[in-house]
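**Student:** If you scroll down you'll find the structure; I have some questions about it.
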Amino acid sequence: MSSTGASPRRRLLAHFAAVARALGHEHRLELLQILGQGERSVEVLAERCGQPFANTSQHLQQLRRAGLVAVRRQGKHAIYRLADDAVLALLSALRRVAERNLAEVGQIVATYFADRSRLEAVSRDELLARLAAGDVVLLDVRPEDEYAAGHLPGALNVPLDRLDAAIATLPRDREVVAYCRGPYCVLSVEAIEALRARGFRARRLEDGFLEWRAAGLAVEVA
């Protein structure tokens with residue numbers, strides 16, 4: 001049966017499959033994760049992904065056709081963003097399904113993240129309560145432009161490569177909680193290890209900015 005003669009249900013499923021196909025490449029998933037931090041130009045996205053400009057542009061066009069991203073013009077530059085926050089929820093659901101059902105995912109996590117996961121994490125609920133009580137210092141260790149596009153309320157931006165210079169300004173009478181892009185972003189883990197080596201009480205947020213946004217929690221923009 002041709003697509004024009006298919007039932008409405010089959011036609012809907014065909015559109016759902018088009019979205020699934022757009023998700024079916026690791027580079028496109030990486031682009032979506034980066035765009036979860038805030039809108040970016042094609043040039044910046046190509047640099048962050050370590051991919052050629054032309055390849056990045058082609059992947060973004062496929063994501064756009066699937067309705068996962070939107071674009072605006074800024075002079076000669078194309079600025080991409082996620083179509084809406086439902087895309088964040090889709091990425092989070094995809095990660096959870098893969099973690100639960102693919103043995104290969106568990107093996108990678110165990111091999112590359114298990115040793116560092118010994119650093120006790122802070123849940124979102126605990127962090128919200130402690131921020132309200134004012135007894136924690138929250139560090140966003142992502143790059144400055146990602147922080148400016150959106151960050152957790154009250155967070156200080158201390159990119160990992162500037163942590164040594166900022167340590168002298170951090171109070172030692174409160175615990176430090178660091179976060180970055182997501183649960184597999186090692187920036188916050190490296191920041192916690194560096195802070196603990198210098199005598200700070202420090203922990204990491206259990207996931208990251210993308211999951212915070214996906215949960216519908218408040219975000220500040222610099």
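Going by the structure tokens order, chains are called A, B, ..., each with residues numbered from 1, while ligands are numbered from 1 in the order shown.
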Please provide the set of residues having any atom within 12 Å of range 150-157 of chain A, restricted to only C-alpha atoms, with same-chain residues fewer than 6 positions apart removed, written as an mmCIF file with C-alpha atoms, in the first residue's frame.
**Tutor:**
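The resulting file, selection28.cif, is reproduced below:
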```
data_model
loop_
_atom_site.group_PDB
_atom_site.id
_atom_site.type_symbol
_atom_site.label_atom_id
_atom_site.label_comp_id
_atom_site.auth_asym_id
_atom_site.auth_seq_id
_atom_site.Cartn_x
_atom_site.Cartn_y
_atom_site.Cartn_z
ATOM 1 C CA LEU A 35 21.760 22.291 22.211
ATOM 2 C CA GLY A 36 20.163 21.224 25.488
ATOM 3 C CA GLN A 37 22.613 23.658 27.116
ATOM 4 C CA GLY A 38 21.397 26.543 24.912
ATOM 5 C CA GLU A 39 21.223 27.723 21.312
ATOM 6 C CA ARG A 124 18.012 17.340 42.775
ATOM 7 C CA LEU A 127 20.124 20.357 46.288
ATOM 8 C CA LEU A 128 16.901 22.382 46.117
ATOM 9 C CA ARG A 130 20.051 23.055 50.607
ATOM 10 C CA LEU A 131 19.952 26.003 48.223
ATOM 11 C CA ALA A 132 16.852 27.243 50.060
ATOM 12 C CA GLY A 134 21.765 28.663 52.010
ATOM 13 C CA VAL A 136 25.825 25.072 49.973
ATOM 14 C CA VAL A 137 27.949 26.706 47.247
ATOM 15 C CA LEU A 138 26.820 25.673 43.770
ATOM 16 C CA LEU A 139 29.396 25.638 40.962
ATOM 17 C CA ASP A 140 28.626 25.428 37.262
ATOM 18 C CA VAL A 141 31.838 24.152 35.665
ATOM 19 C CA ARG A 142 30.653 24.340 32.054
ATOM 20 C CA PRO A 143 32.114 26.856 29.571
ATOM 21 C CA GLU A 144 31.076 30.466 30.071
ATOM 22 C CA LEU A 163 39.102 26.388 38.969
ATOM 23 C CA ALA A 166 38.963 30.633 41.778
ATOM 24 C CA THR A 169 37.530 32.912 46.611
ATOM 25 C CA LEU A 170 35.424 29.898 47.622
ATOM 26 C CA VAL A 176 30.529 22.786 47.402
ATOM 27 C CA VAL A 177 28.272 21.069 44.848
ATOM 28 C CA ALA A 178 29.419 21.071 41.220
ATOM 29 C CA TYR A 179 27.468 20.226 38.094
ATOM 30 C CA CYS A 180 28.032 20.233 34.339
ATOM 31 C CA ARG A 181 26.112 19.044 31.265
ATOM 32 C CA SER A 188 32.046 18.107 37.552
ATOM 33 C CA LEU A 205 24.995 16.838 41.305
ATOM 34 C CA GLY A 208 23.350 17.788 35.064
ATOM 35 C CA PHE A 209 21.858 20.833 33.443
ATOM 36 C CA LEU A 210 20.028 18.940 30.696
ATOM 37 C CA GLU A 211 18.174 16.729 33.186
ATOM 38 C CA TRP A 212 17.431 19.763 35.389
ATOM 39 C CA ARG A 213 15.746 21.482 32.435
ATOM 40 C CA GLY A 216 10.941 21.564 34.443
ATOM 41 C CA LEU A 217 12.968 23.182 37.228
ATOM 42 C CA ALA A 218 13.785 26.878 37.274
ATOM 43 C CA VAL A 219 16.694 28.118 35.185
ATOM 44 C CA GLU A 220 18.436 31.490 35.283
ATOM 45 C CA VAL A 221 19.907 33.246 32.254
ATOM 46 C CA ALA A 222 22.930 35.516 32.525
#
```
**Student:** If you count only C-alpha atoms, which residues fall within 12 Å of range 93-106 of chain A, apart from same-chain ones fewer than 3 positions away, as a ChimeraX atom specification?
**Tutor:** /A:20,23-24,29,33,86-90,109-114,182-184,207,210-211,214-215
**Student:** Based on the selection just made, write C-alpha atoms of those residues as a PDB file, in the first residue's frame.
**Tutor:**
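Result file follows (out20.pdb):
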```
ATOM      1  CA  ALA A  20      13.398   7.914  15.312  1.00  0.00           C
ATOM      2  CA  LEU A  23      17.879  10.216  16.352  1.00  0.00           C
ATOM      3  CA  GLY A  24      19.718   7.261  14.867  1.00  0.00           C
ATOM      4  CA  LEU A  29      22.445  12.867  19.553  1.00  0.00           C
ATOM      5  CA  GLN A  33      22.762  17.248  23.992  1.00  0.00           C
ATOM      6  CA  ALA A  86       9.909  17.818  24.917  1.00  0.00           C
ATOM      7  CA  VAL A  87      13.155  17.019  23.102  1.00  0.00           C
ATOM      8  CA  LEU A  88      14.945  17.102  26.479  1.00  0.00           C
ATOM      9  CA  ALA A  89      12.476  14.585  27.861  1.00  0.00           C
ATOM     10  CA  LEU A  90      13.004  12.407  24.781  1.00  0.00           C
ATOM     11  CA  VAL A 109      29.525   2.807  32.395  1.00  0.00           C
ATOM     12  CA  ALA A 110      31.202   0.227  34.614  1.00  0.00           C
ATOM     13  CA  THR A 111      34.500   0.503  32.740  1.00  0.00           C
ATOM     14  CA  TYR A 112      34.807   4.254  32.346  1.00  0.00           C
ATOM     15  CA  PHE A 113      32.603   5.767  35.054  1.00  0.00           C
ATOM     16  CA  ALA A 114      32.444   3.286  37.947  1.00  0.00           C
ATOM     17  CA  GLY A 182      24.803  15.631  32.247  1.00  0.00           C
ATOM     18  CA  PRO A 183      25.511  12.395  34.125  1.00  0.00           C
ATOM     19  CA  TYR A 184      28.343  11.368  31.774  1.00  0.00           C
ATOM     20  CA  ASP A 207      22.969  14.385  36.737  1.00  0.00           C
ATOM     21  CA  LEU A 210      20.028  18.940  30.696  1.00  0.00           C
ATOM     22  CA  GLU A 211      18.174  16.729  33.186  1.00  0.00           C
ATOM     23  CA  ALA A 214      13.947  18.281  31.446  1.00  0.00           C
ATOM     24  CA  ALA A 215      12.466  18.106  34.950  1.00  0.00           C
TER      25      ALA A 215
END
```
**Student:** Would you list the contacts of range 62-65 of chain A as a ChimeraX atom specification, taking every protein, DNA or RNA residue within 12 Å and counting only C-alpha atoms, but skipping same-chain residues closer than 2 positions in sequence?
**Tutor:** /A:15,18-25,27-32,35,55-60,67-72,80-83,87
**Student:** Return as a PDB file with N, CA, C and O atoms, in the first residue's frame the full set of residues in range 11-222 of chain A whose backbone-based DSSP assignment is strand (DSSP E or B).
**Tutor:**
```
ATOM      1  N   ARG A  40      23.051  27.531  19.712  1.00  0.00           N
ATOM      2  CA  ARG A  40      24.425  27.658  19.247  1.00  0.00           C
ATOM      3  C   ARG A  40      24.445  27.830  17.733  1.00  0.00           C
ATOM      4  O   ARG A  40      23.559  27.346  17.030  1.00  0.00           O
ATOM      5  N   SER A  41      25.479  28.478  17.244  1.00  0.00           N
ATOM      6  CA  SER A  41      25.684  28.574  15.805  1.00  0.00           C
ATOM      7  C   SER A  41      26.251  27.261  15.285  1.00  0.00           C
ATOM      8  O   SER A  41      26.793  26.439  16.053  1.00  0.00           O
ATOM      9  N   VAL A  69      14.782  20.331  16.059  1.00  0.00           N
ATOM     10  CA  VAL A  69      15.470  21.599  16.274  1.00  0.00           C
ATOM     11  C   VAL A  69      14.815  22.678  15.421  1.00  0.00           C
ATOM     12  O   VAL A  69      14.124  22.389  14.438  1.00  0.00           O
ATOM     13  N   ALA A  70      15.053  23.927  15.791  1.00  0.00           N
ATOM     14  CA  ALA A  70      14.611  25.083  15.026  1.00  0.00           C
ATOM     15  C   ALA A  70      15.823  25.968  14.778  1.00  0.00           C
ATOM     16  O   ALA A  70      16.857  25.834  15.442  1.00  0.00           O
ATOM     17  N   VAL A  71      15.713  26.878  13.830  1.00  0.00           N
ATOM     18  CA  VAL A  71      16.855  27.707  13.448  1.00  0.00           C
ATOM     19  C   VAL A  71      16.390  29.130  13.209  1.00  0.00           C
ATOM     20  O   VAL A  71      15.253  29.378  12.819  1.00  0.00           O
ATOM     21  N   ARG A  72      17.280  30.068  13.486  1.00  0.00           N
ATOM     22  CA  ARG A  72      17.050  31.474  13.157  1.00  0.00           C
ATOM     23  C   ARG A  72      18.331  32.021  12.536  1.00  0.00           C
ATOM     24  O   ARG A  72      19.409  31.463  12.717  1.00  0.00           O
ATOM     25  N   ARG A  73      18.203  33.110  11.811  1.00  0.00           N
ATOM     26  CA  ARG A  73      19.347  33.742  11.184  1.00  0.00           C
ATOM     27  C   ARG A  73      19.848  34.898  12.046  1.00  0.00           C
ATOM     28  O   ARG A  73      19.055  35.654  12.613  1.00  0.00           O
ATOM     29  N   GLN A  74      21.158  34.999  12.167  1.00  0.00           N
ATOM     30  CA  GLN A  74      21.785  36.124  12.844  1.00  0.00           C
ATOM     31  C   GLN A  74      22.924  36.584  11.938  1.00  0.00           C
ATOM     32  O   GLN A  74      24.034  36.064  12.013  1.00  0.00           O
ATOM     33  N   HIS A  77      25.065  33.947  10.071  1.00  0.00           N
ATOM     34  CA  HIS A  77      25.127  32.713  10.857  1.00  0.00           C
ATOM     35  C   HIS A  77      23.747  32.102  11.063  1.00  0.00           C
ATOM     36  O   HIS A  77      22.754  32.820  11.250  1.00  0.00           O
ATOM     37  N   ALA A  78      23.701  30.774  11.044  1.00  0.00           N
ATOM     38  CA  ALA A  78      22.491  30.020  11.396  1.00  0.00           C
ATOM     39  C   ALA A  78      22.608  29.610  12.852  1.00  0.00           C
ATOM     40  O   ALA A  78      23.569  28.936  13.238  1.00  0.00           O
ATOM     41  N   ILE A  79      21.643  30.020  13.676  1.00  0.00           N
ATOM     42  CA  ILE A  79      21.649  29.736  15.104  1.00  0.00           C
ATOM     43  C   ILE A  79      20.576  28.684  15.393  1.00  0.00           C
ATOM     44  O   ILE A  79      19.383  28.921  15.158  1.00  0.00           O
ATOM     45  N   TYR A  80      21.002  27.539  15.896  1.00  0.00           N
ATOM     46  CA  TYR A  80      20.083  26.430  16.157  1.00  0.00           C
ATOM     47  C   TYR A  80      19.724  26.353  17.646  1.00  0.00           C
ATOM     48  O   TYR A  80      20.508  26.734  18.512  1.00  0.00           O
ATOM     49  N   ARG A  81      18.543  25.827  17.893  1.00  0.00           N
ATOM     50  CA  ARG A  81      18.070  25.568  19.252  1.00  0.00           C
ATOM     51  C   ARG A  81      17.180  24.328  19.219  1.00  0.00           C
ATOM     52  O   ARG A  81      16.729  23.905  18.149  1.00  0.00           O
ATOM     53  N   LEU A  82      16.928  23.746  20.386  1.00  0.00           N
ATOM     54  CA  LEU A  82      15.960  22.653  20.451  1.00  0.00           C
ATOM     55  C   LEU A  82      14.576  23.189  20.123  1.00  0.00           C
ATOM     56  O   LEU A  82      14.231  24.326  20.468  1.00  0.00           O
ATOM     57  N   ALA A 121      26.877  11.455  45.101  1.00  0.00           N
ATOM     58  CA  ALA A 121      26.166  12.490  44.363  1.00  0.00           C
ATOM     59  C   ALA A 121      25.059  13.105  45.213  1.00  0.00           C
ATOM     60  O   ALA A 121      24.540  12.490  46.150  1.00  0.00           O
ATOM     61  N   VAL A 122      24.685  14.326  44.860  1.00  0.00           N
ATOM     62  CA  VAL A 122      23.588  15.045  45.503  1.00  0.00           C
ATOM     63  C   VAL A 122      22.380  14.964  44.578  1.00  0.00           C
ATOM     64  O   VAL A 122      22.482  15.248  43.384  1.00  0.00           O
ATOM     65  N   VAL A 136      25.035  25.732  50.994  1.00  0.00           N
ATOM     66  CA  VAL A 136      25.825  25.072  49.973  1.00  0.00           C
ATOM     67  C   VAL A 136      26.272  26.107  48.938  1.00  0.00           C
ATOM     68  O   VAL A 136      25.587  27.100  48.689  1.00  0.00           O
ATOM     69  N   VAL A 137      27.452  25.887  48.353  1.00  0.00           N
ATOM     70  CA  VAL A 137      27.949  26.706  47.247  1.00  0.00           C
ATOM     71  C   VAL A 137      27.799  25.883  45.975  1.00  0.00           C
ATOM     72  O   VAL A 137      28.320  24.770  45.882  1.00  0.00           O
ATOM     73  N   LEU A 138      27.096  26.406  45.002  1.00  0.00           N
ATOM     74  CA  LEU A 138      26.820  25.673  43.770  1.00  0.00           C
ATOM     75  C   LEU A 138      27.717  26.188  42.647  1.00  0.00           C
ATOM     76  O   LEU A 138      27.706  27.379  42.333  1.00  0.00           O
ATOM     77  N   LEU A 139      28.476  25.279  42.042  1.00  0.00           N
ATOM     78  CA  LEU A 139      29.396  25.638  40.962  1.00  0.00           C
ATOM     79  C   LEU A 139      28.934  25.034  39.637  1.00  0.00           C
ATOM     80  O   LEU A 139      28.666  23.829  39.561  1.00  0.00           O
ATOM     81  N   ASP A 140      28.862  25.861  38.638  1.00  0.00           N
ATOM     82  CA  ASP A 140      28.626  25.428  37.262  1.00  0.00           C
ATOM     83  C   ASP A 140      29.983  25.433  36.572  1.00  0.00           C
ATOM     84  O   ASP A 140      30.583  26.479  36.380  1.00  0.00           O
ATOM     85  N   HIS A 151      21.466  28.475  33.482  1.00  0.00           N
ATOM     86  CA  HIS A 151      22.148  27.759  34.568  1.00  0.00           C
ATOM     87  C   HIS A 151      21.214  27.596  35.749  1.00  0.00           C
ATOM     88  O   HIS A 151      20.152  28.226  35.816  1.00  0.00           O
ATOM     89  N   LEU A 156      27.441  29.677  40.623  1.00  0.00           N
ATOM     90  CA  LEU A 156      28.594  30.465  40.210  1.00  0.00           C
ATOM     91  C   LEU A 156      29.261  29.762  39.044  1.00  0.00           C
ATOM     92  O   LEU A 156      29.410  28.543  39.054  1.00  0.00           O
ATOM     93  N   ASN A 157      29.654  30.521  38.037  1.00  0.00           N
ATOM     94  CA  ASN A 157      30.322  29.915  36.894  1.00  0.00           C
ATOM     95  C   ASN A 157      31.828  29.881  37.132  1.00  0.00           C
ATOM     96  O   ASN A 157      32.487  30.916  37.201  1.00  0.00           O
ATOM     97  N   GLU A 175      29.670  23.315  52.105  1.00  0.00           N
ATOM     98  CA  GLU A 175      29.974  22.278  51.121  1.00  0.00           C
ATOM     99  C   GLU A 175      29.778  22.838  49.716  1.00  0.00           C
ATOM    100  O   GLU A 175      28.884  23.647  49.467  1.00  0.00           O
ATOM    101  N   VAL A 176      30.616  22.389  48.806  1.00  0.00           N
ATOM    102  CA  VAL A 176      30.529  22.786  47.402  1.00  0.00           C
ATOM    103  C   VAL A 176      29.871  21.659  46.612  1.00  0.00           C
ATOM    104  O   VAL A 176      30.231  20.489  46.758  1.00  0.00           O
ATOM    105  N   VAL A 177      28.892  22.016  45.776  1.00  0.00           N
ATOM    106  CA  VAL A 177      28.272  21.069  44.848  1.00  0.00           C
ATOM    107  C   VAL A 177      28.550  21.568  43.436  1.00  0.00           C
ATOM    108  O   VAL A 177      28.290  22.732  43.120  1.00  0.00           O
ATOM    109  N   ALA A 178      29.092  20.701  42.600  1.00  0.00           N
ATOM    110  CA  ALA A 178      29.419  21.071  41.220  1.00  0.00           C
ATOM    111  C   ALA A 178      28.540  20.288  40.259  1.00  0.00           C
ATOM    112  O   ALA A 178      28.148  19.148  40.518  1.00  0.00           O
ATOM    113  N   TYR A 179      28.221  20.922  39.145  1.00  0.00           N
ATOM    114  CA  TYR A 179      27.468  20.226  38.094  1.00  0.00           C
ATOM    115  C   TYR A 179      27.994  20.662  36.739  1.00  0.00           C
ATOM    116  O   TYR A 179      28.647  21.698  36.603  1.00  0.00           O
ATOM    117  N   ALA A 202      33.143  18.557  49.164  1.00  0.00           N
ATOM    118  CA  ALA A 202      32.587  18.770  47.834  1.00  0.00           C
ATOM    119  C   ALA A 202      31.921  17.496  47.316  1.00  0.00           C
ATOM    120  O   ALA A 202      32.402  16.383  47.543  1.00  0.00           O
ATOM    121  N   ARG A 203      30.799  17.696  46.623  1.00  0.00           N
ATOM    122  CA  ARG A 203      30.091  16.608  45.956  1.00  0.00           C
ATOM    123  C   ARG A 203      29.582  17.113  44.606  1.00  0.00           C
ATOM    124  O   ARG A 203      29.603  18.307  44.334  1.00  0.00           O
ATOM    125  N   ARG A 204      29.117  16.190  43.783  1.00  0.00           N
ATOM    126  CA  ARG A 204      28.592  16.549  42.468  1.00  0.00           C
ATOM    127  C   ARG A 204      27.075  16.346  42.443  1.00  0.00           C
ATOM    128  O   ARG A 204      26.528  15.536  43.194  1.00  0.00           O
ATOM    129  N   LEU A 205      26.405  17.082  41.552  1.00  0.00           N
ATOM    130  CA  LEU A 205      24.995  16.838  41.305  1.00  0.00           C
ATOM    131  C   LEU A 205      24.856  15.507  40.579  1.00  0.00           C
ATOM    132  O   LEU A 205      25.685  15.154  39.738  1.00  0.00           O
ATOM    133  N   GLU A 220      18.093  30.064  35.408  1.00  0.00           N
ATOM    134  CA  GLU A 220      18.436  31.490  35.283  1.00  0.00           C
ATOM    135  C   GLU A 220      19.260  31.702  34.022  1.00  0.00           C
ATOM    136  O   GLU A 220      19.991  30.810  33.593  1.00  0.00           O
TER     137      GLU A 220
END
```
**Student:** Any idea what the distance is between CA of Ala191 in chain A and CA of Leu160 in chain A?
**Tutor:** 6.3 Å
**Student:** From the list A:Glu120, A:Asp173, A:Glu26, A:Asp135, which residue is nearest Ile192 in chain A when using only C-alpha atoms?
**Tutor:**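 Using only C-alpha atoms, Ile192 in chain A sits closest to A:Glu120.
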**Student:** Have a look at CA of Ala149 in chain A and CA of Leu187 in chain A and let me know their distance in Å, one decimal.
**Tutor:**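 Interatomic distance, CA of Ala149 in chain A to CA of Leu187 in chain A: 17.9 Å.
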